[in-house]
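Structure below is target-v5.pdb: PDB, C-alpha atoms and all ligand atoms.
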MODEL        1
ATOM      1  CA  MET A 181      70.906  90.848 101.385
ATOM      2  CA  THR A 182      69.770  94.231 100.130
ATOM      3  CA  GLU A 183      69.472  94.956  96.412
ATOM      4  CA  PHE A 184      72.504  97.197  96.733
ATOM      5  CA  THR A 185      74.580  94.364  98.194
ATOM      6  CA  GLU A 186      73.428  92.044  95.403
ATOM      7  CA  VAL A 187      74.337  94.518  92.700
ATOM      8  CA  VAL A 188      77.798  95.103  94.150
ATOM      9  CA  ARG A 189      78.473  91.414  94.739
ATOM     10  CA  ASN A 190      77.168  90.248  91.358
ATOM     11  CA  ARG A 191      78.902  92.824  89.178
ATOM     12  CA  ARG A 192      81.699  91.159  87.208
ATOM     13  CA  MET A 193      83.400  92.381  84.089
ATOM     14  CA  THR A 194      81.595  90.949  81.036
ATOM     15  CA  ARG A 195      83.759  90.075  78.034
ATOM     16  CA  ALA A 196      81.158  88.456  75.739
ATOM     17  CA  PHE A 197      78.060  90.302  74.555
ATOM     18  CA  ALA A 198      74.931  89.618  72.559
ATOM     19  CA  PRO A 199      74.671  92.126  69.717
ATOM     20  CA  GLU A 200      71.125  93.354  70.486
ATOM     21  CA  PRO A 201      70.904  97.094  71.067
ATOM     22  CA  LEU A 202      70.092  98.497  74.481
ATOM     23  CA  ASP A 203      66.480  99.398  75.194
ATOM     24  CA  HIS A 204      65.388 102.873  74.220
ATOM     25  CA  GLY A 205      66.471 105.298  76.931
ATOM     26  CA  GLN A 206      68.583 102.712  78.749
ATOM     27  CA  LEU A 207      71.920 104.404  78.131
ATOM     28  CA  ASP A 208      70.533 107.722  79.331
ATOM     29  CA  ARG A 209      69.242 106.033  82.494
ATOM     30  CA  LEU A 210      72.694 104.639  83.243
ATOM     31  CA  VAL A 211      74.374 107.972  82.581
ATOM     32  CA  ASP A 212      71.817 109.798  84.710
ATOM     33  CA  LEU A 213      72.707 107.539  87.648
ATOM     34  CA  ALA A 214      76.437 107.843  86.960
ATOM     35  CA  GLY A 215      76.044 111.617  86.991
ATOM     36  CA  ARG A 216      74.972 111.370  90.613
ATOM     37  CA  ALA A 217      78.455 110.264  91.655
ATOM     38  CA  PRO A 218      80.251 112.781  93.861
ATOM     39  CA  SER A 219      82.540 115.350  92.270
ATOM     40  CA  ALA A 220      84.835 117.961  93.773
ATOM     41  CA  GLY A 221      83.040 121.303  93.917
ATOM     42  CA  LYS A 222      80.332 119.563  91.884
ATOM     43  CA  SER A 223      82.585 120.223  88.894
ATOM     44  CA  GLN A 224      81.273 117.112  87.088
ATOM     45  CA  GLY A 225      84.110 117.331  84.600
ATOM     46  CA  TRP A 226      83.600 114.034  82.854
ATOM     47  CA  HIS A 227      82.431 113.126  79.393
ATOM     48  CA  LEU A 228      81.504 110.053  77.421
ATOM     49  CA  VAL A 229      81.835 109.513  73.696
ATOM     50  CA  ALA A 230      79.145 106.946  72.907
ATOM     51  CA  LEU A 231      79.515 104.682  69.879
ATOM     52  CA  GLU A 232      76.388 102.666  69.219
ATOM     53  CA  GLY A 233      75.625  99.846  66.763
ATOM     54  CA  ASP A 234      77.759 100.077  63.612
ATOM     55  CA  GLU A 235      79.585 103.084  65.068
ATOM     56  CA  THR A 236      81.463 100.769  67.452
ATOM     57  CA  ALA A 237      83.588  99.788  64.429
ATOM     58  CA  ARG A 238      85.109 103.264  64.618
ATOM     59  CA  TYR A 239      86.739 102.141  67.850
ATOM     60  CA  TRP A 240      87.516  98.507  67.038
ATOM     61  CA  ASP A 241      88.883  99.118  63.532
ATOM     62  CA  VAL A 242      91.626 101.225  65.123
ATOM     63  CA  ALA A 243      92.099  99.460  68.476
ATOM     64  CA  LEU A 244      91.915  95.913  67.127
ATOM     65  CA  PRO A 245      92.425  95.831  63.363
ATOM     66  CA  ARG A 246      90.839  92.895  61.517
ATOM     67  CA  GLU A 247      94.135  91.052  60.980
ATOM     68  CA  ARG A 248      94.607  90.753  64.755
ATOM     69  CA  ARG A 249      91.114  89.491  65.540
ATOM     70  CA  ALA A 250      91.644  85.786  64.737
ATOM     71  CA  THR A 251      93.870  85.397  67.793
ATOM     72  CA  PHE A 252      91.894  87.727  70.061
ATOM     73  CA  ARG A 253      90.651  85.873  73.122
ATOM     74  CA  TRP A 254      87.354  87.733  73.603
ATOM     75  CA  SER A 255      85.728  87.558  70.157
ATOM     76  CA  HIS A 256      82.223  88.412  71.420
ATOM     77  CA  LEU A 257      83.560  91.536  73.088
ATOM     78  CA  LEU A 258      83.344  93.178  69.686
ATOM     79  CA  ASP A 259      79.595  92.368  69.563
ATOM     80  CA  ALA A 260      78.867  94.830  72.364
ATOM     81  CA  PRO A 261      76.248  97.199  70.962
ATOM     82  CA  VAL A 262      77.742 100.160  72.809
ATOM     83  CA  VAL A 263      81.293 101.322  73.387
ATOM     84  CA  LEU A 264      81.719 104.317  75.666
ATOM     85  CA  LEU A 265      84.961 106.243  75.869
ATOM     86  CA  ALA A 266      85.298 108.100  79.152
ATOM     87  CA  PHE A 267      87.264 111.309  79.551
ATOM     88  CA  ALA A 268      88.036 113.733  82.354
ATOM     89  CA  ASP A 269      88.465 117.472  81.855
ATOM     90  CA  PRO A 270      91.115 118.966  84.187
ATOM     91  CA  HIS A 271      90.222 122.484  83.082
ATOM     92  CA  ALA A 272      86.655 122.152  84.291
ATOM     93  CA  TYR A 273      88.190 121.796  87.771
ATOM     94  CA  VAL A 274      90.585 124.697  87.401
ATOM     95  CA  GLU A 275      87.715 126.899  86.200
ATOM     96  CA  ARG A 276      85.404 125.768  88.991
ATOM     97  CA  TYR A 277      88.026 126.381  91.684
ATOM     98  CA  ALA A 278      88.767 129.847  90.329
ATOM     99  CA  GLN A 279      85.180 130.814  91.202
ATOM    100  CA  ASP A 280      84.570 133.033  94.225
ATOM    101  CA  ASP A 281      83.499 130.305  96.644
ATOM    102  CA  LYS A 282      86.567 128.191  95.876
ATOM    103  CA  SER A 283      89.293 130.681  94.985
ATOM    104  CA  SER A 284      90.800 130.627  98.505
ATOM    105  CA  THR A 285      91.971 127.052  97.802
ATOM    106  CA  GLY A 286      94.454 128.323  95.196
ATOM    107  CA  LEU A 287      93.415 125.442  92.938
ATOM    108  CA  GLY A 288      92.094 127.842  90.321
ATOM    109  CA  ALA A 289      95.706 128.751  89.478
ATOM    110  CA  GLY A 290      96.173 125.806  87.149
ATOM    111  CA  VAL A 291      96.362 122.055  86.869
ATOM    112  CA  GLU A 292      99.824 122.024  88.504
ATOM    113  CA  ALA A 293      98.353 123.434  91.751
ATOM    114  CA  TRP A 294      96.362 120.254  92.378
ATOM    115  CA  PRO A 295      97.865 117.717  94.803
ATOM    116  CA  ALA A 296      95.730 114.939  93.308
ATOM    117  CA  PRO A 297      93.925 114.705  89.947
ATOM    118  CA  TYR A 298      90.380 115.112  91.227
ATOM    119  CA  TRP A 299      89.136 115.002  87.614
ATOM    120  CA  THR A 300      90.393 111.421  87.316
ATOM    121  CA  ILE A 301      89.015 110.492  90.725
ATOM    122  CA  ASP A 302      85.595 111.931  89.926
ATOM    123  CA  ALA A 303      85.378 110.435  86.443
ATOM    124  CA  SER A 304      86.383 107.058  87.883
ATOM    125  CA  MET A 305      83.641 107.217  90.506
ATOM    126  CA  ALA A 306      81.123 108.125  87.818
ATOM    127  CA  VAL A 307      82.251 105.205  85.654
ATOM    128  CA  MET A 308      82.016 102.856  88.643
ATOM    129  CA  THR A 309      78.468 104.053  89.266
ATOM    130  CA  LEU A 310      77.704 103.384  85.610
ATOM    131  CA  LEU A 311      79.059  99.825  85.920
ATOM    132  CA  LEU A 312      76.802  99.230  88.920
ATOM    133  CA  ALA A 313      73.827 100.794  87.149
ATOM    134  CA  ALA A 314      74.444  98.438  84.213
ATOM    135  CA  GLU A 315      74.447  95.451  86.578
ATOM    136  CA  ASP A 316      71.222  96.716  88.133
ATOM    137  CA  GLU A 317      69.597  96.741  84.659
ATOM    138  CA  GLY A 318      70.771  93.197  83.889
ATOM    139  CA  LEU A 319      73.394  94.448  81.446
ATOM    140  CA  GLY A 320      77.028  93.454  81.246
ATOM    141  CA  ALA A 321      79.917  95.882  81.041
ATOM    142  CA  LEU A 322      83.682  95.779  80.708
ATOM    143  CA  LEU A 323      85.923  98.660  81.657
ATOM    144  CA  PHE A 324      89.130  98.323  79.725
ATOM    145  CA  ALA A 325      92.202 100.324  78.993
ATOM    146  CA  VAL A 326      92.624 102.194  75.728
ATOM    147  CA  PHE A 327      96.147 100.826  75.351
ATOM    148  CA  ARG A 328      96.841 100.952  71.689
ATOM    149  CA  SER A 329      96.269 103.745  69.231
ATOM    150  CA  GLU A 330      94.907 106.118  71.863
ATOM    151  CA  GLU A 331      95.956 109.205  69.903
ATOM    152  CA  GLU A 332      94.487 107.891  66.662
ATOM    153  CA  ILE A 333      91.185 107.039  68.335
ATOM    154  CA  ARG A 334      90.963 110.411  70.053
ATOM    155  CA  ALA A 335      91.732 112.262  66.824
ATOM    156  CA  SER A 336      89.226 110.256  64.792
ATOM    157  CA  LEU A 337      86.483 111.052  67.329
ATOM    158  CA  GLY A 338      87.394 114.733  67.662
ATOM    159  CA  VAL A 339      88.226 114.543  71.381
ATOM    160  CA  PRO A 340      89.603 117.891  72.594
ATOM    161  CA  GLU A 341      93.325 117.914  73.419
ATOM    162  CA  ARG A 342      92.834 118.768  77.104
ATOM    163  CA  MET A 343      90.760 115.676  77.903
ATOM    164  CA  VAL A 344      92.377 112.900  79.929
ATOM    165  CA  THR A 345      91.434 109.401  78.772
ATOM    166  CA  ILE A 346      89.931 107.306  81.571
ATOM    167  CA  GLY A 347      89.142 104.155  79.613
ATOM    168  CA  ALA A 348      86.598 102.408  77.452
ATOM    169  CA  VAL A 349      83.416 100.668  78.554
ATOM    170  CA  ALA A 350      81.806  97.951  76.425
ATOM    171  CA  LEU A 351      78.137  97.662  77.289
ATOM    172  CA  GLY A 352      75.278  95.367  76.341
ATOM    173  CA  ARG A 353      73.412  92.228  77.220
ATOM    174  CA  PRO A 354      75.709  89.407  78.291
ATOM    175  CA  HIS A 355      76.201  86.687  75.643
ATOM    176  CA  PRO A 356      74.340  83.470  76.610
ATOM    177  CA  GLU A 357      77.688  81.658  76.650
ATOM    178  CA  PRO A 358      79.909  83.719  78.897
ATOM    179  CA  ALA A 359      83.550  84.088  77.946
ATOM    180  CA  GLY A 360      86.065  82.645  80.396
ATOM    181  CA  ARG A 361      87.108  84.886  83.230
ATOM    182  CA  GLY A 362      89.934  87.375  82.804
ATOM    183  CA  ARG A 363      93.426  86.271  83.758
ATOM    184  CA  SER A 364      93.323  88.426  86.890
ATOM    185  CA  ALA A 365      89.969  87.142  88.125
ATOM    186  CA  SER A 366      91.417  84.178  90.035
ATOM    187  CA  ARG A 367      93.541  86.428  92.190
ATOM    188  CA  PRO A 368      92.272  86.260  95.760
ATOM    189  CA  ARG A 369      90.137  89.142  96.926
ATOM    190  CA  ARG A 370      91.813  91.051  99.736
ATOM    191  CA  THR A 371      90.049  90.857 103.054
ATOM    192  CA  PRO A 372      88.987  93.893 105.105
ATOM    193  CA  ALA A 373      91.777  93.038 107.588
ATOM    194  CA  GLU A 374      94.356  93.332 104.791
ATOM    195  CA  ILE A 375      92.959  96.640 103.607
ATOM    196  CA  VAL A 376      92.220  98.506 106.833
ATOM    197  CA  HIS A 377      95.081  99.770 109.006
ATOM    198  CA  ARG A 378      93.161 100.316 112.210
ATOM    199  CA  GLY A 379      94.353 103.253 114.265
ATOM    200  CA  GLY A 380      97.197 104.053 111.835
ATOM    201  CA  TRP A 381      99.414 102.282 109.296
TER     202      TRP A 381
HETATM  203  C1  LIG B   1      91.382 100.719  85.407
HETATM  204  C2  LIG B   1      90.994  99.336  84.969
HETATM  205  C3  LIG B   1      91.485  98.859  83.759
HETATM  206  C4  LIG B   1      91.142  97.586  83.328
HETATM  207  N1  LIG B   1      91.586  97.172  82.106
HETATM  208  C5  LIG B   1      91.176  95.973  81.636
HETATM  209  C6  LIG B   1      91.562  95.565  80.320
HETATM  210  O1  LIG B   1      92.261  96.283  79.587
HETATM  211  N2  LIG B   1      91.112  94.370  79.883
HETATM  212  C7  LIG B   1      90.333  93.552  80.653
HETATM  213  O2  LIG B   1      89.966  92.475  80.195
HETATM  214  N3  LIG B   1      89.949  93.909  81.917
HETATM  215  C8  LIG B   1      90.353  95.102  82.408
HETATM  216  N4  LIG B   1      89.953  95.492  83.681
HETATM  217  C9  LIG B   1      89.112  94.594  84.490
HETATM  218  C10 LIG B   1      89.867  93.939  85.642
HETATM  219  O3  LIG B   1      90.710  92.943  85.152
HETATM  220  C11 LIG B   1      88.826  93.369  86.621
HETATM  221  O4  LIG B   1      88.084  94.436  87.161
HETATM  222  C12 LIG B   1      89.467  92.568  87.769
HETATM  223  O5  LIG B   1      90.115  91.430  87.271
HETATM  224  C13 LIG B   1      88.404  92.098  88.767
HETATM  225  O6  LIG B   1      87.388  91.383  88.096
HETATM  226  P1  LIG B   1      85.837  91.801  88.251
HETATM  227  O7  LIG B   1      85.735  93.284  87.972
HETATM  228  O8  LIG B   1      85.124  90.976  87.219
HETATM  229  O9  LIG B   1      85.457  91.481  89.641
HETATM  230  C14 LIG B   1      90.303  96.763  84.119
HETATM  231  C15 LIG B   1      89.812  97.260  85.330
HETATM  232  C16 LIG B   1      90.137  98.526  85.734
HETATM  233  C17 LIG B   1      89.562  99.034  87.045
ENDMDL
END

Show me the file's structure as structure tokens.
Ligand SMILES: Cc1cc2nc3c(=O)[nH]c(=O)nc-3n(C[C@H](O)[C@H](O)[C@H](O)COP(=O)(O)O)c2cc1C
Amino acid sequence: MTEFTEVVRNRRMTRAFAPEPLDHGQLDRLVDLAGRAPSAGKSQGWHLVALEGDETARYWDVALPRERRATFRWSHLLDAPVVLLAFADPHAYVERYAQDDKSSTGLGAGVEAWPAPYWTIDASMAVMTLLLAAEDEGLGALLFAVFRSEEEIRASLGVPERMVTIGAVALGRPHPEPAGRGRSASRPRRTPAEIVHRGGW
């Protein structure tokens, strides 16, 4: 098995973290790799708000207020030393596709001209690369939805209005006692035969 295969096969969402900070430069290394993900017209219209150490409370105090924590299943999730909030910028794509080499596509006219939200696709691929980079460094990561209080969190962190929220990533060393698996984890993995429609649907 190649290292790549091992990284892909071993990556699992981590929901319990040790509180130790990441090594110096480690976050930048992960983001540098994630930034190598493909992006339409090399627009690279994705951003991360990084909350580190005590700053992570700025996320959790809004998303999971203290009075709700006693019944929260993943208590060591809140120990993650880093919480990243990922955003995609649709306007970076509109601007890029209004440039001379792309203007014939018509996609520079506005967000409505786009048949698919490439900003979301690209940001998702970058986040996936970051999850794999974390696994490669022996870190754990959980991508999770910013379900509750999204507006409040965005406002408190000064996120510009036009940004589309992709999700949050908790990042750090896995806790020595792993949390149980997520409720969805026992679902069977689809086989290639179920996924591929050979020669047409
Ligand atoms: C877009 C997206 C949103 C997710 N949201 C959550 C979430 O809110 N909470 C959570 O515990 N896991 C969340 N997950 C993790 C999935 O449950 C997990 O990827 C899936 O069960 C497969 O498990 P694995 O990634 O460990 O192989 C999310 C995953 C994705 C891709």

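The contact shell of ligand LIG 1 (chain B), defined as all polymer residues within 9 Å when all atoms listed in the file are used, comprises Arg189, Asn190, Arg191, Arg192, Met193, Thr194, Arg195, Trp254, Ser304, Met308, Leu322, Leu323, Phe324, Ala325, Val326, Phe327, Ile346, Gly347, Ala348, Arg361, Gly362, Arg363, Ser364, Ala365, Ser366, Arg367 and Arg369 of chain A.
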
Determine the residue set returned by the PyMOL selection byres (((chain A and resi 291) around 9) and not hetatm) for the present structure, and present it as a list in words.
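Those residues are Pro270, His271, Tyr273, Val274, Leu287, Gly288, Ala289, Gly290, Glu292, Ala293, Trp294 and Pro297 of chain A.
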
Evaluate the PyMOL selection byres (((chain A and resi 258) around 12) and not hetatm) on the structure here and hand back the selected residues as a ChimeraX atom specification.
/A:194-199,232-241,243-246,249,252-257,259-263,322,349-352,355

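We find atom CA of Gly338 of chain A and atom CA of Phe267 of chain A to be spaced 12.4 Å apart.
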
For this structure, which residues satisfy the selection - the PyMOL selection byres (((chain A and resi 212-223) around 12) and not hetatm) - when it is evaluated on the file as given? I want them as an NGL selection string.
:A and (205-211 or 224-228 or 266 or 268-283 or 285 or 287-288 or 294 or 296-314 or 316-317)

How about saving the chosen residues, C-alpha atoms kept, as a PDB file, keeping the file's coordinate frame?
ATOM      1  CA  GLY A 205      66.471 105.298  76.931  1.00  0.00           C
ATOM      2  CA  GLN A 206      68.583 102.712  78.749  1.00  0.00           C
ATOM      3  CA  LEU A 207      71.920 104.404  78.131  1.00  0.00           C
ATOM      4  CA  ASP A 208      70.533 107.722  79.331  1.00  0.00           C
ATOM      5  CA  ARG A 209      69.242 106.033  82.494  1.00  0.00           C
ATOM      6  CA  LEU A 210      72.694 104.639  83.243  1.00  0.00           C
ATOM      7  CA  VAL A 211      74.374 107.972  82.581  1.00  0.00           C
ATOM      8  CA  GLN A 224      81.273 117.112  87.088  1.00  0.00           C
ATOM      9  CA  GLY A 225      84.110 117.331  84.600  1.00  0.00           C
ATOM     10  CA  TRP A 226      83.600 114.034  82.854  1.00  0.00           C
ATOM     11  CA  HIS A 227      82.431 113.126  79.393  1.00  0.00           C
ATOM     12  CA  LEU A 228      81.504 110.053  77.421  1.00  0.00           C
ATOM     13  CA  ALA A 266      85.298 108.100  79.152  1.00  0.00           C
ATOM     14  CA  ALA A 268      88.036 113.733  82.354  1.00  0.00           C
ATOM     15  CA  ASP A 269      88.465 117.472  81.855  1.00  0.00           C
ATOM     16  CA  PRO A 270      91.115 118.966  84.187  1.00  0.00           C
ATOM     17  CA  HIS A 271      90.222 122.484  83.082  1.00  0.00           C
ATOM     18  CA  ALA A 272      86.655 122.152  84.291  1.00  0.00           C
ATOM     19  CA  TYR A 273      88.190 121.796  87.771  1.00  0.00           C
ATOM     20  CA  VAL A 274      90.585 124.697  87.401  1.00  0.00           C
ATOM     21  CA  GLU A 275      87.715 126.899  86.200  1.00  0.00           C
ATOM     22  CA  ARG A 276      85.404 125.768  88.991  1.00  0.00           C
ATOM     23  CA  TYR A 277      88.026 126.381  91.684  1.00  0.00           C
ATOM     24  CA  ALA A 278      88.767 129.847  90.329  1.00  0.00           C
ATOM     25  CA  GLN A 279      85.180 130.814  91.202  1.00  0.00           C
ATOM     26  CA  ASP A 280      84.570 133.033  94.225  1.00  0.00           C
ATOM     27  CA  ASP A 281      83.499 130.305  96.644  1.00  0.00           C
ATOM     28  CA  LYS A 282      86.567 128.191  95.876  1.00  0.00           C
ATOM     29  CA  SER A 283      89.293 130.681  94.985  1.00  0.00           C
ATOM     30  CA  THR A 285      91.971 127.052  97.802  1.00  0.00           C
ATOM     31  CA  LEU A 287      93.415 125.442  92.938  1.00  0.00           C
ATOM     32  CA  GLY A 288      92.094 127.842  90.321  1.00  0.00           C
ATOM     33  CA  TRP A 294      96.362 120.254  92.378  1.00  0.00           C
ATOM     34  CA  ALA A 296      95.730 114.939  93.308  1.00  0.00           C
ATOM     35  CA  PRO A 297      93.925 114.705  89.947  1.00  0.00           C
ATOM     36  CA  TYR A 298      90.380 115.112  91.227  1.00  0.00           C
ATOM     37  CA  TRP A 299      89.136 115.002  87.614  1.00  0.00           C
ATOM     38  CA  THR A 300      90.393 111.421  87.316  1.00  0.00           C
ATOM     39  CA  ILE A 301      89.015 110.492  90.725  1.00  0.00           C
ATOM     40  CA  ASP A 302      85.595 111.931  89.926  1.00  0.00           C
ATOM     41  CA  ALA A 303      85.378 110.435  86.443  1.00  0.00           C
ATOM     42  CA  SER A 304      86.383 107.058  87.883  1.00  0.00           C
ATOM     43  CA  MET A 305      83.641 107.217  90.506  1.00  0.00           C
ATOM     44  CA  ALA A 306      81.123 108.125  87.818  1.00  0.00           C
ATOM     45  CA  VAL A 307      82.251 105.205  85.654  1.00  0.00           C
ATOM     46  CA  MET A 308      82.016 102.856  88.643  1.00  0.00           C
ATOM     47  CA  THR A 309      78.468 104.053  89.266  1.00  0.00           C
ATOM     48  CA  LEU A 310      77.704 103.384  85.610  1.00  0.00           C
ATOM     49  CA  LEU A 311      79.059  99.825  85.920  1.00  0.00           C
ATOM     50  CA  LEU A 312      76.802  99.230  88.920  1.00  0.00           C
ATOM     51  CA  ALA A 313      73.827 100.794  87.149  1.00  0.00           C
ATOM     52  CA  ALA A 314      74.444  98.438  84.213  1.00  0.00           C
ATOM     53  CA  ASP A 316      71.222  96.716  88.133  1.00  0.00           C
ATOM     54  CA  GLU A 317      69.597  96.741  84.659  1.00  0.00           C
TER      55      GLU A 317
END

Length of the atom CA of Val339 of chain A to atom CA of Val229 of chain A vector [Å]
8.5 Å

At what distance in Å, to one decimal, does atom CA of Ala230 of chain A lie from atom CA of Glu332 of chain A?
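Separation between atom CA of Glu332 of chain A and atom CA of Ala230 of chain A: 16.6 Å.
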
As AutoDock Vina command-line options, please: the centre and edge lengths in Å, to one decimal, of an axis-aligned box enclosing every listed atom of segment 329-341 of chain A with 5 Å added on each side.
--center_x 91.4 --center_y 110.8 --center_z 69.1 --size_x 19.8 --size_y 24.2 --size_z 18.6
